[in-house]
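> One structure follows; several queries about it will come next.
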Number of protein chains: 2
Amino acid sequence: MNFREKLEESSRRNRSLLCIGLDPDPALMPIADVLEFNRNIIAATSDLACAYKPNLAFYEALGPTGWQALKGTLEAIPAHIPSIGDAKRGDVGHTARAYASALFEVLGCDAATVNPYLGGDAVQPFLDYRDRGVFVLCKTSNPGAGDFQDALVEGRPLYERVAEQARAWNTAGNVGLVVGATYPRELERIRALCPEMLILAPGVGPQQGDLEATVRRGQDRRGGGLIIAASRQISYASKGRDYAAAARREALALRDAINTYRVLP
Amino acid sequence: MNFREKLEESSRRNRSLLCIGLDPDPALMPIADVLEFNRNIIAATSDLACAYKPNLAFYEALGPTGWQALKGTLEAIPAHIPSIGDAKRGDVGHTARAYASALFEVLGCDAATVNPYLGGDAVQPFLDYRDRGVFVLCKTSNPGAGDFQDALVEGRPLYERVAEQARAWNTAGNVGLVVGATYPRELERIRALCPEMLILAPGVGPQQGDLEATVRRGQDRRGGGLIIAASRQISYASKGRDYAAAARREALALRDAINTYRVLP
């Protein structure tokens, strides 16, 4: 089963487009053990999430034990729910191969995020894993996203060119796009350009993306093809000992809110 | 002493613009112990290099022990020679802070490489470490670099806009650019746009960049401001037990070749 099939199955089973980010921040966690914290978040939400998404930055910031915690976290995700390694990697060919190996073989992620700035040959080593998902940064959720992504190339913003290029790379059906929920207009445009592709949309929480507009404009013709990523608003819904129960409440509410905006066939 | 001062001192002391990449590849190493291998490469070349540059991809591909090997490698670099963490990171603000902390605090790198695609606010957490160096990917060395970097924005290639933006970010004097030695014409243009900034130029080895053109066009008015990065051609000059001696021979030859093209005042 490839990434997309696995995602569609977990999405159907849990009636969910919600991807839960697992981004440990010692300053916000009520317990010190990252792996235990993540395991409890996963156990409390595994019937609500279509995917889990650890962002590697937060594990690297923990020091040498971080990679052990990351590996343990990935192993704690139920086998039927896909993992997305949010790494945003990008490097020249032979180095990109090492990154792809780290994410897909060493860590065993079902999908990964990549940065397109270096061009097609830098993304290819990821694409070569045809059973894994590759999400290409297109229009990111941050305020400064437009600095380069909105630069007009032949009269159209660069992110559209990236979307079209990613569509061309999608010969194995394993390519998706990252589009911030903070930019619903751009999301609509990208969905029109790439009607068949998966879109991973972060930014509905503290970044204040518009959930309704994101779901309405980002879903494909079958009310899917979209992954809404939320991290801090779920993991740190409570900073107390009830963090897992609070995460579950938040995840349930968000999953259901997303579903109210879906147009299911 | 900040990164630039430290680099200029090591460059003067070793009469060198050569930065040696430390990119362990188990398939090419004659011994299994990555840290021992790197220590021997460093010991054999520390009077020839102006900097060392581990690329994080190769350590991540080693699995959970990789970060220990990376940390040990950074500790093995003599204190007077700066380290450049070649990570090419880029993520939204609060995540970029975690990456910057991992590179500058956990690993203790003197400088790092970053990807500009996400825009200024994603680079800012790195820039905030004013005593460290931040090398922004501008025109990369790979064949597909032009896919997006050459896109014409208001009649000029995107990489020029990135160079100008990086120049604007350089208020603390800690910003540099990555420009592949495989693109000497573009390097010349970038040097003209950014006469004061450091340029890190990889690609003179197996990627077949033009060394003479890179040094002649990339150096600043004082015959410096340029770092020529070489990895595989030095570390794997010999695949036998004489790897350290072979690395030294290769590094010496490359350092001296670079110096013949410098115009020193």
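Residue names in the structure tokens use chain letters A, B, ... in the order shown, residue numbers from 1 in each chain, and ligand numbers from 1 in the order shown.
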Only residues of chain B matter here; which ones have an atom within 6 Å of chain A, counting only C-alpha atoms? Give them as a PDB file with C-alpha atoms, in the first residue's frame.

ATOM      1  CA  ALA B  57      22.383  14.891   5.563  1.00  0.00           C
ATOM      2  CA  PHE B  58      25.208  12.374   5.805  1.00  0.00           C
ATOM      3  CA  GLU B  60      21.174  11.850   9.568  1.00  0.00           C
ATOM      4  CA  ALA B  61      21.501   8.983   7.098  1.00  0.00           C
ATOM      5  CA  GLY B  63      20.674   6.822  12.041  1.00  0.00           C
ATOM      6  CA  PRO B  64      20.499   7.776  15.725  1.00  0.00           C
ATOM      7  CA  TRP B  67      24.104  13.036  15.665  1.00  0.00           C
ATOM      8  CA  GLN B  68      26.659  11.799  18.178  1.00  0.00           C
ATOM      9  CA  VAL B  92       8.318  29.182   9.592  1.00  0.00           C
ATOM     10  CA  ALA B  98      14.277  25.495  16.898  1.00  0.00           C
ATOM     11  CA  TYR B  99      16.543  24.799  13.912  1.00  0.00           C
ATOM     12  CA  SER B 101      18.995  26.579  18.330  1.00  0.00           C
ATOM     13  CA  ALA B 102      19.924  23.060  17.164  1.00  0.00           C
ATOM     14  CA  VAL B 106      23.180  22.258  20.569  1.00  0.00           C
ATOM     15  CA  LEU B 118      10.169  30.820   2.933  1.00  0.00           C
ATOM     16  CA  GLY B 119      11.206  34.474   3.086  1.00  0.00           C
ATOM     17  CA  GLY B 120      12.790  36.885   5.516  1.00  0.00           C
ATOM     18  CA  ASP B 121      10.901  36.000   8.690  1.00  0.00           C
ATOM     19  CA  ASN B 142      23.401  21.426  -9.143  1.00  0.00           C
ATOM     20  CA  GLY B 144      18.662  21.845 -11.989  1.00  0.00           C
ATOM     21  CA  ALA B 145      19.482  24.980  -9.991  1.00  0.00           C
ATOM     22  CA  ASP B 147      14.472  25.549 -12.491  1.00  0.00           C
ATOM     23  CA  LEU B 152      12.884  36.000 -14.502  1.00  0.00           C
ATOM     24  CA  VAL B 153      11.370  38.397 -12.017  1.00  0.00           C
TER      25      VAL B 153
END
> I'd like to know which residues of range 132-259 of chain B are strand (DSSP E) (by DSSP, run on the backbone); could you write them as a list in words?
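Here are the strand (DSSP E) residues of range 132-259 of chain B: Gly133, Val134, Phe135, Val136, Leu137, Cys138, Lys139, Leu152, Val153, Arg156, Pro157, Val175, Gly176, Leu177, Val178, Val179, Leu198, Ile199, Leu200, Ala201, Pro202, Leu226, Ile227, Ile228, Ala229 and Ala230 of chain B.
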> Please list as a list in words every residue within 12 Å of Asn40 in chain A, counting only C-alpha atoms and excluding residues in the same chain fewer than 6 positions away.
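Skipping anything fewer than 6 positions along the chain leaves Leu22, Met29, Ile31, Asp33, Val34, Ser46, Thr73, Ala76, Ile77, Ser235, Arg241, Asp242, Tyr243, Ala244, Ala245, Ala246, Ala247 and Arg248 of chain A.
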> Tell me which protein, DNA and RNA residues are within 8 Å of Ala213 in chain B, counting only C-alpha atoms, leaving out same-chain ones fewer than 4 positions away, and put them as a list of chain:residue names.
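Near Ala213 in chain B, the qualifying residues are B:Pro184, B:Arg217, B:Gly218.
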> Store the residues picked out above, limited to N, CA and C atoms, as a tab-separated table (two decimals), in the first residue's frame.

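After the write, again_38.tsv holds the following:
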chain	number	residue	atom	x	y	z
B	184	PRO	N	30.10	30.20	-12.88
B	184	PRO	CA	30.98	31.37	-12.67
B	184	PRO	C	30.41	32.69	-13.20
B	217	ARG	N	36.54	35.36	-10.17
B	217	ARG	CA	35.31	36.16	-10.18
B	217	ARG	C	34.67	36.28	-8.81
B	218	GLY	N	34.98	35.31	-7.92
B	218	GLY	CA	34.29	35.29	-6.63
B	218	GLY	C	35.00	36.07	-5.53
> When you draw a straight line from CA of Ile81 in chain B to CA of Ala43 in chain B, how long is it in Å?
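Those two atoms sit 12.1 Å apart.
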> As a ChimeraX atom specification, please: every residue in range 1-230 of chain B that a backbone DSSP assignment puts in helix (DSSP H, G or I).
/B:3-13,34-45,56-60,65-76,93-106,116-118,120-127,143-149,158-172,184-193,211-218
> How many Å lie between CA of Gly176 in chain A and CA of Leu127 in chain A, rounded to one decimal?
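Answer for the CA of Gly176 in chain A to CA of Leu127 in chain A separation: 10.8 Å.
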> Of the candidates A:Ala192, A:Ala27, A:Leu74, A:Ala111, which shows the shortest atom-to-atom distance to Asp131 in chain A, using only C-alpha atoms?
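Of the candidates, the smallest distance to Asp131 in chain A is held by A:Ala111.
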> If you measure from CA of Arg189 in chain A to CA of Arg130 in chain A, what distance in Å do you get, rounded to one decimal?
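These atoms are spaced 26.7 Å apart.
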> Could you check the closest approach to Asp128 in chain A for each of A:Trp169, A:Ile190, A:Ala257, A:Ala163 and tell me which residue wins, using only C-alpha atoms?
A:Trp169
> I'd like to know which of A:Ala181, A:Ala79, A:Met1, A:Leu193 is closest to Ala168 in chain A, using only C-alpha atoms.
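With only C-alpha atoms as the atom set, the closest residue is A:Leu193.
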